[in-house]
Every structure is written in structure tokens, then in C-alpha cells.
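Okay, upload.cif now, which holds mmCIF, C-alpha atoms:
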data_work
loop_
_atom_site.label_atom_id
_atom_site.label_comp_id
_atom_site.auth_asym_id
_atom_site.auth_seq_id
_atom_site.Cartn_x
_atom_site.Cartn_y
_atom_site.Cartn_z
CA MET A 192 77.40 122.59 65.92
CA PRO A 193 73.97 122.00 67.40
CA LEU A 194 73.85 122.51 71.11
CA THR A 195 72.06 119.25 71.45
CA PHE A 196 75.33 117.47 70.98
CA ILE A 197 76.99 119.50 73.67
CA THR A 198 74.29 119.40 76.26
CA GLY A 199 73.71 115.75 75.53
CA ASP A 200 77.12 114.94 76.86
CA GLY A 201 77.52 117.32 79.74
CA GLY A 202 78.93 120.10 77.68
CA TYR A 203 82.24 118.60 76.78
CA LEU A 204 81.89 115.79 74.28
CA PRO A 205 80.15 117.02 71.18
CA VAL A 206 80.05 113.80 69.26
CA ALA A 207 79.07 111.58 72.16
CA ALA A 208 75.38 112.23 72.23
CA THR A 209 74.84 108.57 71.56
CA ALA A 210 77.16 107.48 74.38
CA PRO A 211 75.42 106.10 77.44
CA THR A 212 77.77 107.87 79.80
CA ALA A 213 79.77 111.06 80.01
CA SER A 214 82.98 109.17 79.76
CA GLN A 215 83.71 109.08 76.09
CA LEU A 216 87.34 109.38 77.04
CA LEU A 217 87.26 106.05 78.80
CA THR A 218 85.23 104.50 76.03
CA ASP A 219 87.74 105.70 73.49
CA TYR A 220 90.66 104.38 75.44
CA ASN A 221 89.12 100.98 75.92
CA ALA A 222 88.36 100.79 72.23
CA LEU A 223 91.99 101.20 71.25
CA ASP A 224 94.00 98.18 70.28
CA THR A 225 97.08 97.28 72.30
CA ALA A 226 99.38 99.36 70.14
CA GLY A 227 97.08 102.33 70.37
CA LYS A 228 96.88 102.05 74.15
CA ALA A 229 100.64 101.83 74.35
CA ALA A 230 101.02 104.88 72.13
CA PHE A 231 98.69 106.87 74.34
CA ARG A 232 100.43 105.69 77.47
CA LEU A 233 103.71 106.73 75.88
CA ALA A 234 102.34 110.18 75.14
CA ILE A 235 101.17 110.78 78.67
CA ALA A 236 103.90 108.89 80.51
CA PRO A 237 105.54 110.93 83.24
CA VAL A 238 109.11 111.94 82.54
CA HIS A 239 111.91 111.33 85.00
CA HIS A 240 114.35 114.21 85.48
CA VAL A 241 117.89 113.51 86.61
CA LEU A 242 119.54 116.33 88.52
CA THR A 243 123.18 116.84 89.42
CA GLY A 244 123.43 118.70 92.66
CA GLU A 245 120.52 121.04 91.96
CA ALA A 246 117.43 121.63 94.02
CA VAL A 247 114.45 120.02 92.33
CA THR A 248 112.57 123.31 92.47
CA ALA A 249 115.30 124.94 90.40
CA GLY A 250 116.64 122.10 88.29
CA ALA A 251 113.48 120.50 86.95
CA LEU A 252 111.59 123.52 85.72
CA SER A 253 110.40 121.77 82.57
CA ALA A 254 108.57 119.14 84.60
CA ILE A 255 104.81 118.80 84.44
CA ALA A 256 102.50 117.06 86.85
CA GLY A 257 103.27 113.41 87.40
CA ASP A 258 106.92 113.73 86.49
CA THR A 259 109.53 112.44 88.89
CA ALA A 260 113.08 113.53 89.63
CA HIS A 261 116.09 112.58 91.65
CA ASP A 262 119.51 114.06 92.26
CA GLU A 263 122.44 111.88 91.27
CA GLU A 264 124.38 113.44 94.13
CA ASP A 265 121.67 112.77 96.70
CA ASP A 266 119.84 109.50 96.27
CA ALA A 267 117.87 109.91 99.47
CA ALA A 268 114.91 111.59 97.77
CA LEU A 269 112.62 110.55 94.91
CA TRP A 270 110.49 113.50 93.93
CA ILE A 271 107.10 113.57 92.26
CA LEU A 272 105.54 116.76 90.93
CA GLN A 273 101.87 116.95 91.79
CA ARG A 274 101.00 120.41 90.49
CA ASN A 275 101.96 122.27 87.37
CA ASN A 276 104.41 124.63 88.99
CA PRO A 277 107.78 122.98 89.45
CA ALA A 278 109.35 126.04 91.07
CA LEU A 279 107.00 125.76 94.03
CA ALA A 280 108.30 123.78 96.99
CA SER A 281 104.80 122.58 97.83
CA ALA A 282 104.30 121.19 94.34
CA TRP A 283 106.92 118.48 94.94
CA GLN A 284 106.79 115.59 97.33
CA ASP A 285 109.48 113.11 98.20
CA LEU A 286 108.00 109.68 97.65
CA ILE A 287 110.34 108.24 100.25
CA SER A 288 109.85 110.64 103.15
CA GLY A 289 106.80 112.66 102.17
CA VAL A 290 108.47 116.02 102.65
CA SER A 291 107.91 118.93 100.26
CA GLY A 292 110.52 120.21 97.87
CA PRO A 293 113.20 122.73 98.80
CA TYR A 294 112.33 126.41 98.91
CA ASN A 295 113.06 128.38 95.77
CA ALA A 296 113.26 132.12 96.28
CA ASP A 297 112.47 132.67 92.61
CA ALA A 298 109.20 130.76 92.74
CA PRO A 299 105.96 132.65 92.15
CA PRO A 300 103.47 132.98 94.99
CA ASP A 301 101.82 129.73 95.95
CA PRO A 302 98.29 129.83 94.47
CA GLY A 303 97.02 127.34 97.02
CA PRO A 304 95.95 123.73 96.81
CA MET A 305 94.53 122.01 93.77
CA ASP A 306 90.80 121.73 93.46
CA SER A 307 89.03 118.40 93.57
CA GLY A 308 89.52 117.97 89.87
CA GLY A 309 93.25 118.23 90.17
CA LEU A 310 93.45 121.69 88.67
CA MET A 311 95.29 124.68 90.05
CA PRO A 312 93.44 127.78 91.17
CA GLY A 313 92.99 130.03 88.19
CA GLN A 314 92.69 127.18 85.73
CA SER A 315 89.08 127.98 85.16
CA ALA A 316 89.35 127.26 81.48
CA PRO A 317 91.23 123.99 81.32
CA GLY A 318 92.07 122.26 78.13
CA ARG A 319 89.39 120.22 76.47
CA LEU A 320 90.86 116.95 77.62
CA ALA A 321 91.07 118.23 81.16
CA ALA A 322 87.51 119.47 80.87
CA VAL A 323 86.46 115.98 79.92
CA TRP A 324 88.17 114.75 83.05
CA GLU A 325 86.31 117.34 85.08
CA ALA A 326 83.02 115.99 83.81
CA MET A 327 83.76 112.44 84.82
CA SER A 328 82.54 110.89 88.05
CA HIS A 329 84.92 109.51 90.66
CA GLU A 330 84.16 106.02 89.43
CA GLN A 331 84.78 106.95 85.82
CA ARG A 332 88.02 108.62 86.74
CA GLY A 333 89.02 105.53 88.64
CA ALA A 334 88.27 103.34 85.66
CA PHE A 335 90.31 105.52 83.36
CA ARG A 336 93.15 105.79 85.81
CA LEU A 337 93.10 102.04 86.14
CA ALA A 338 93.36 101.73 82.39
CA ILE A 339 96.35 104.02 82.12
CA LYS A 340 98.11 103.50 85.43
CA PRO A 341 101.78 102.56 85.42
CA GLN A 342 102.46 98.88 85.74
CA PHE A 343 104.76 97.48 88.40
CA ALA A 344 107.00 94.49 87.83
CA ASN A 345 109.75 92.68 89.66
CA ALA A 346 112.97 91.39 88.23
CA ALA A 347 115.68 89.37 89.88
CA ASP A 348 118.42 90.96 87.82
CA GLN A 349 119.08 93.16 84.80
CA THR A 350 118.59 90.32 82.35
CA ALA A 351 115.14 89.68 83.73
CA ARG A 352 114.29 93.37 83.66
CA LEU A 353 115.30 93.74 80.04
CA ALA A 354 113.30 90.65 79.18
CA LEU A 355 110.07 92.15 80.46
CA THR A 356 107.36 92.32 77.86
CA ASN A 357 104.35 94.63 77.57
CA GLN A 358 106.14 97.40 79.44
CA VAL A 359 105.46 100.94 78.28
CA PRO A 360 107.02 104.23 79.35
CA GLY A 361 106.05 105.21 82.86
CA ASP A 362 106.05 101.65 84.14
CA TYR A 363 108.09 100.68 87.18
CA CYS A 364 110.33 97.74 87.83
CA ARG A 365 111.93 96.79 91.13
CA GLN A 366 115.20 95.01 90.47
CA THR A 367 116.43 92.94 93.38
CA ALA A 368 119.48 94.39 95.13
CA SER A 369 119.68 97.20 92.58
CA GLY A 370 116.85 99.69 92.82
CA LEU A 371 113.58 101.01 91.52
CA TYR A 372 113.56 101.68 87.78
CA ARG A 373 111.16 103.53 85.49
CA LEU A 374 110.94 102.93 81.76
CA LYS A 375 111.35 106.14 79.79
CA ALA A 376 111.24 104.92 76.20
CA LEU A 377 110.72 101.83 74.13
CA PRO A 378 112.05 99.25 73.67
CA ALA A 379 112.19 97.94 77.20
CA SER A 380 114.94 95.54 76.19
CA THR A 381 117.43 98.44 75.97
CA ASN A 382 118.98 99.16 79.34
CA GLY A 383 119.49 102.83 78.51
CA ASN A 384 115.75 103.23 78.21
CA TRP A 385 115.37 102.65 81.95
CA ASP A 386 116.02 105.28 84.60
CA LEU A 387 117.25 104.14 87.97
CA ILE A 388 115.07 106.41 90.04
CA HIS A 389 115.86 105.04 93.49
CA PRO A 390 118.87 102.82 94.08
CA PHE A 391 118.79 100.35 96.96
CA MET B 141 77.06 111.50 62.73
CA SER B 142 78.65 113.63 60.11
CA LEU B 143 82.28 114.41 59.67
CA GLN B 144 81.40 118.00 60.34
CA HIS B 145 81.07 117.25 63.98
CA ILE B 146 84.41 115.53 64.11
CA ASP B 147 86.11 118.33 62.28
CA SER B 148 84.50 120.93 64.46
CA ASP B 149 85.93 119.18 67.46
CA GLY B 150 89.46 119.21 66.12
CA GLY B 151 89.42 115.54 65.38
CA GLN B 152 90.21 114.62 68.94
CA LEU B 153 87.11 112.73 69.81
CA PRO B 154 85.42 109.68 68.35
CA PRO B 155 83.89 108.04 66.44
CA GLY B 156 87.22 106.63 65.51
CA ALA B 157 86.04 104.99 62.34
CA ALA B 158 85.89 108.36 60.70
CA SER B 159 89.26 109.40 61.98
CA SER B 160 92.31 109.87 59.87
CA THR B 161 94.45 108.27 62.54
CA PRO B 162 94.19 104.95 64.36
CA SER B 163 93.93 106.70 67.66
CA ASN B 164 91.64 109.62 68.09
CA LEU B 165 92.50 109.70 71.72
CA LEU B 166 96.20 109.97 71.01
CA ALA B 167 95.65 112.40 68.19
CA GLY B 168 93.58 114.50 70.48
CA TYR B 169 96.26 114.55 73.11
CA ALA B 170 99.14 115.10 70.73
CA ALA B 171 97.39 117.96 69.00
CA ARG B 172 96.77 119.94 72.16
CA PRO B 173 98.97 122.91 73.03
CA ALA B 174 101.43 122.47 75.87
CA ALA B 175 99.18 124.23 78.38
CA GLU B 176 96.33 121.84 77.68
CA LYS B 177 98.59 118.83 77.80
CA SER B 178 99.90 119.91 81.17
CA ALA B 179 96.38 120.60 82.43
CA PHE B 180 95.33 117.11 81.41
CA ARG B 181 98.45 115.58 82.86
CA GLN B 182 97.76 117.37 86.09
CA ALA B 183 94.21 116.14 86.10
CA ILE B 184 95.34 112.53 85.79
CA CYS B 185 98.48 112.91 87.88
CA PRO B 186 98.86 110.21 90.52
CA ARG B 187 98.43 111.59 93.99
CA ARG B 188 100.52 110.81 97.01
CA PHE B 189 98.92 110.10 100.35
CA THR B 190 100.45 109.79 103.79
CA VAL B 191 99.14 107.36 106.36
CA SER B 192 100.15 106.67 109.95
CA THR B 193 100.70 102.93 109.53
CA ALA B 194 101.24 100.72 106.52
CA ALA B 195 97.97 98.89 107.11
CA ASN B 196 96.11 102.19 106.97
CA VAL B 197 96.55 102.48 103.21
CA ALA B 198 93.37 100.39 103.13
CA LEU B 199 91.57 103.41 104.58
CA LEU B 200 92.41 105.57 101.57
CA THR B 201 89.02 105.16 99.98
CA ASP B 202 89.57 108.11 97.64
CA ALA B 203 92.72 106.62 96.16
CA GLN B 204 92.65 105.61 92.54
CA PRO B 205 94.87 103.23 90.62
CA GLY B 206 98.33 104.66 90.18
CA ASP B 207 98.19 106.67 93.38
CA LEU B 208 101.05 106.40 95.85
CA ALA B 209 101.23 106.37 99.62
CA GLY B 210 103.90 106.72 102.26
CA VAL B 211 103.96 106.21 106.00
CA THR B 212 104.55 109.12 108.33
CA GLY B 213 108.07 109.18 109.68
CA SER B 214 109.26 106.20 107.69
CA SER B 215 111.44 105.93 104.61
CA ASP B 216 110.62 102.27 104.08
CA TYR B 217 107.44 102.55 102.05
CA VAL B 218 106.44 103.71 98.58
CA PHE B 219 103.07 102.06 98.08
CA LEU B 220 101.49 101.92 94.63
CA LEU B 221 97.79 101.18 94.21
CA LYS B 222 97.59 98.52 91.51
CA ALA B 223 93.87 97.96 91.18
CA ALA B 224 90.58 99.70 91.65
CA ASP B 225 89.77 98.81 95.26
CA PRO B 226 92.06 100.63 97.72
CA THR B 227 90.44 98.97 100.73
CA LEU B 228 91.99 95.64 99.78
CA ASN B 229 95.52 95.53 101.14
CA THR B 230 96.69 93.18 98.39
CA ASN B 231 95.89 95.82 95.80
CA TRP B 232 98.80 97.85 97.19
CA VAL B 233 102.47 97.05 96.74
CA ASN B 234 105.47 98.61 98.39
CA MET B 235 107.71 99.22 95.41
CA LEU B 236 110.78 99.19 97.62
CA THR B 237 110.18 95.67 98.90
CA ASN B 238 107.56 94.13 96.60
CA LEU B 239 105.40 93.40 99.62
CA ALA B 240 101.76 94.23 100.24
CA PRO B 241 100.90 96.08 103.43
CA PRO B 242 99.40 94.10 106.28
CA ALA B 243 95.65 93.86 106.35
CA LEU B 244 93.76 96.00 108.80
CA PRO B 245 92.70 94.12 111.91
CA PRO B 246 89.03 93.18 111.97
CA PRO B 247 86.87 95.88 113.55
#

Starting from the file, lay out its structure as C-alpha cells.
Amino acid sequence: MPLTFITGDGGYLPVAATAPTASQLLTDYNALDTAGKAAFRLAIAPVHHVLTGEAVTAGALSAIAGDTAHDEEDDAALWILQRNNPALASAWQDLISGVSGPYNADAPPDPGPMDSGGLMPGQSAPGRLAAVWEAMSHEQRGAFRLAIKPQFANAADQTARLALTNQVPGDYCRQTASGLYRLKALPASTNGNWDLIHPF
Amino acid sequence: MSLQHIDSDGGQLPPGAASSTPSNLLAGYAARPAAEKSAFRQAICPRRFTVSTAANVALLTDAQPGDLAGVTGSSDYVFLLKAADPTLNTNWVNMLTNLAPPALPPP
């Protein structure tokens, strides 16, 4: 591959030499049709982990960044994993109170905070997609995040929630007098495809 | 642009017209090993901020859509940034109440 393609796009996007910006990722996403966007959102949608009396730092070890979790036996907390090390207490935050996750004696040493690109120390050779992200400006990142961000809806009751259209996995719905739900799979009209992540 | 360039890039990047799938972006993501997927997910992971008052979410100028915010010492707020401008209070919603935070008082 000629280096001109690589250097022409900041070193990460070999076929984007003709693109006016470094953000071929955003361009690609915006070019998808609705079904394609939904499929991508489905692929990257955070997963919600349901625990039963386990500490999140021990019971959600398959989680990756962006995933959420709650304990069926302790509805007070709604956890989000912000770094790719679910055994680390500092990698989890309770969305309700802001506190970090519980200590796990089996966790590896804390490598320190993420860098500005959202990568952990030591991830000097991130995946190609992550490298693309690294090359994007704050504004470009914001535009892409806006394109893929979870949607938030309100529903008066279960019937209204299951009647929501255009929902894709990762989206939230606040159901009056019930709780905060997150869609985990399509179709949204199936109640079992929604996780109650924080009951009211 | 020849197919050679697409092939040499694993098929994950455009131009989509030459792709074998309808979504190069998705194909690119799906084809990545778990470590790369998690690195990408971490890169785009929503962040959570903490502010001292609900109105102060409008001061989170670094926040991007999808980011979350809570209020120190309170369990009443899980704010989600819905749009690109975090300085506009109506772009935030408390997912527990469906209410926007109050606007900051004029300087």
C-alpha cells in the first residue's frame, strides 16, 4: 500500500485520501441507511449484567467499557464500567451515587487513569478502530458520539414502552412508577428484551 | 481506488460501494478481535461526570452526547446528555425524573 494513502489520512485510514477530514469513521456511519446504523448500534451497544448478590467487581468480569450492571439483591446501585478492567474497583462507578465499585482482592494492580483518548495505560497499540478514534478531533468525536449515543424515551406504562419504535439496543426508557429500562435486543416490542436496570 | 486497498485494510473501511457487505463499518467492527472491540468500546464509552449542583451540568463543556452526570451527595440525578451542546441545560435529562436541570443563573 502506498504510504501516500496512509499519510494522507493521518496514518489510520488508508482508503480515505480523498476524504476532506480525518473522520472517515463518522462519514461511514452517516452514510449508512437506517438498518445499517441500527445494526452497528446493536453491535456496539453496551450490555447490562444482572448480578445476584455478587460484588460487581467479581460478578461482571466479562463486562467491557460502557456496560452496566446491577444486583437483583441490592437495587440501590446502577453500575457503569468506564475502563476495560472489570475487576478494578475504580473502573466502576455507581450512576446513582457516584461511588466506585467494591474492592476486589483478586484484581490486578490499578494501571492508573485513562488517557485523553479513553485508553488505558499500556494500550499503546490500540485496535484499528480505536486508532481511528484517537485521530479524531474533539468535535469529530462529539459528532460521532452524537450519532451513536443511546436514545432516551419516556413511557407511561409497559404498553407504551413496548410500543416504542426506532429503539435499538442500548437505548433507555423511563417507565412511570416502574423504573429505568435499557433495551438489550430487538424487537423492542418484546418485554423480555428490556432490562429493568433501576427500579423506582 | 482499487479493491487492493480495501482488501489490504481488511475490508473494514470504505468505499462501501466496493464492499461485500452493506455495512463496512459494521463489518469492520464485527471482524475485529475481542481486544480491539473492547479498545474501541472503551474509546467511545460514555463518561460519567460529577457536579456540585444540578445546574452545573451546563459547565461540563467537555461532555459529549451520551455522557452521564451525577450530583455530589445526591442519589436523585442520573443526567444524560442528549445533544451536542452541553452548556444548554435542556440538552440534559435526568433519567430518573425526565426533567432537565435548571438553567444556570445569568453571570

Evaluate the PyMOL selection byres ((chain A and resi 240-242) around 12) here and jot the selected residues down as a PyMOL selection string. chain A and resi 237-239+243-255+257-266+268-272+277+373+375+386-389

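For the atom pair formed by atom CA of Val233 of chain B and atom CA of Ala222 of chain A, the distance is 28.5 Å, given to one decimal.
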
If we count all atoms listed in the file, what is near Leu220 of chain B at a cut-off of 9 Å, once residues fewer than 4 positions away on the same chain are taken out, given as JSON, numbers by chain? {"A": [343], "B": [205, 206, 207, 208, 209, 231, 232, 233, 234, 235]}

Check which residues satisfy the PyMOL selection byres ((chain A and resi 300) around 12) in the file shown, then give them as a PDB file with C-alpha atoms, in the frame of the given file.
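And here's result_21.pdb as it stands now:
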ATOM      1  CA  ASN A 276     104.410 124.630  88.990  1.00  0.00           C
ATOM      2  CA  ALA A 278     109.350 126.040  91.070  1.00  0.00           C
ATOM      3  CA  LEU A 279     107.000 125.760  94.030  1.00  0.00           C
ATOM      4  CA  ALA A 280     108.300 123.780  96.990  1.00  0.00           C
ATOM      5  CA  SER A 281     104.800 122.580  97.830  1.00  0.00           C
ATOM      6  CA  ALA A 282     104.300 121.190  94.340  1.00  0.00           C
ATOM      7  CA  TYR A 294     112.330 126.410  98.910  1.00  0.00           C
ATOM      8  CA  ASN A 295     113.060 128.380  95.770  1.00  0.00           C
ATOM      9  CA  ALA A 296     113.260 132.120  96.280  1.00  0.00           C
ATOM     10  CA  ASP A 297     112.470 132.670  92.610  1.00  0.00           C
ATOM     11  CA  ALA A 298     109.200 130.760  92.740  1.00  0.00           C
ATOM     12  CA  PRO A 299     105.960 132.650  92.150  1.00  0.00           C
ATOM     13  CA  ASP A 301     101.820 129.730  95.950  1.00  0.00           C
ATOM     14  CA  PRO A 302      98.290 129.830  94.470  1.00  0.00           C
ATOM     15  CA  GLY A 303      97.020 127.340  97.020  1.00  0.00           C
ATOM     16  CA  PRO A 312      93.440 127.780  91.170  1.00  0.00           C
TER      17      PRO A 312
END

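Atom CA of His329 of chain A is positioned 23.3 Å from atom CA of Ala234 of chain A.
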
On this structure, which residues satisfy the PyMOL selection byres ((chain B and resi 202) around 10), written as a compact mmCIF listing (two decimals) with C-alpha atoms, in the coordinates of the input?
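File written: selection-v8.txt
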# COMPACT_ATOMS: atom_id res chain seq x y z
CA HIS A 329 84.92 109.51 90.66
CA GLY A 333 89.02 105.53 88.64
CA PHE B 189 98.92 110.10 100.35
CA LEU B 199 91.57 103.41 104.58
CA LEU B 200 92.41 105.57 101.57
CA THR B 201 89.02 105.16 99.98
CA ALA B 203 92.72 106.62 96.16
CA GLN B 204 92.65 105.61 92.54
CA ASP B 207 98.19 106.67 93.38
CA ASP B 225 89.77 98.81 95.26
CA PRO B 226 92.06 100.63 97.72
CA THR B 227 90.44 98.97 100.73

Which is closer to chain A than all the others in B:Cys185, B:Ala243, B:Leu228, B:Ala174, using all atoms listed in the file? B:Cys185

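Between atom CA of Thr190 of chain B and atom CA of Leu371 of chain A there is a distance of 20.0 Å.
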
Taking into account only C-alpha atoms, which residue in the set A:Lys340, A:Arg232, A:Arg332, A:Arg352 is nearest to chain B? A:Lys340

Per-axis box centre and lengths in Å around segment 201-219 of chain B, 3 Å margin per side, axis-aligned, as AutoDock Vina command-line options:
--center_x 100.2 --center_y 105.6 --center_z 99.9 --size_x 28.4 --size_y 13.1 --size_z 25.5

Might you pull out every residue within 10 Å of Leu244 of chain B, with only C-alpha atoms counted and same-chain residues fewer than 3 positions away left off, and present them as number ranges by chain? B: 193-199, 227-229, 241, 247
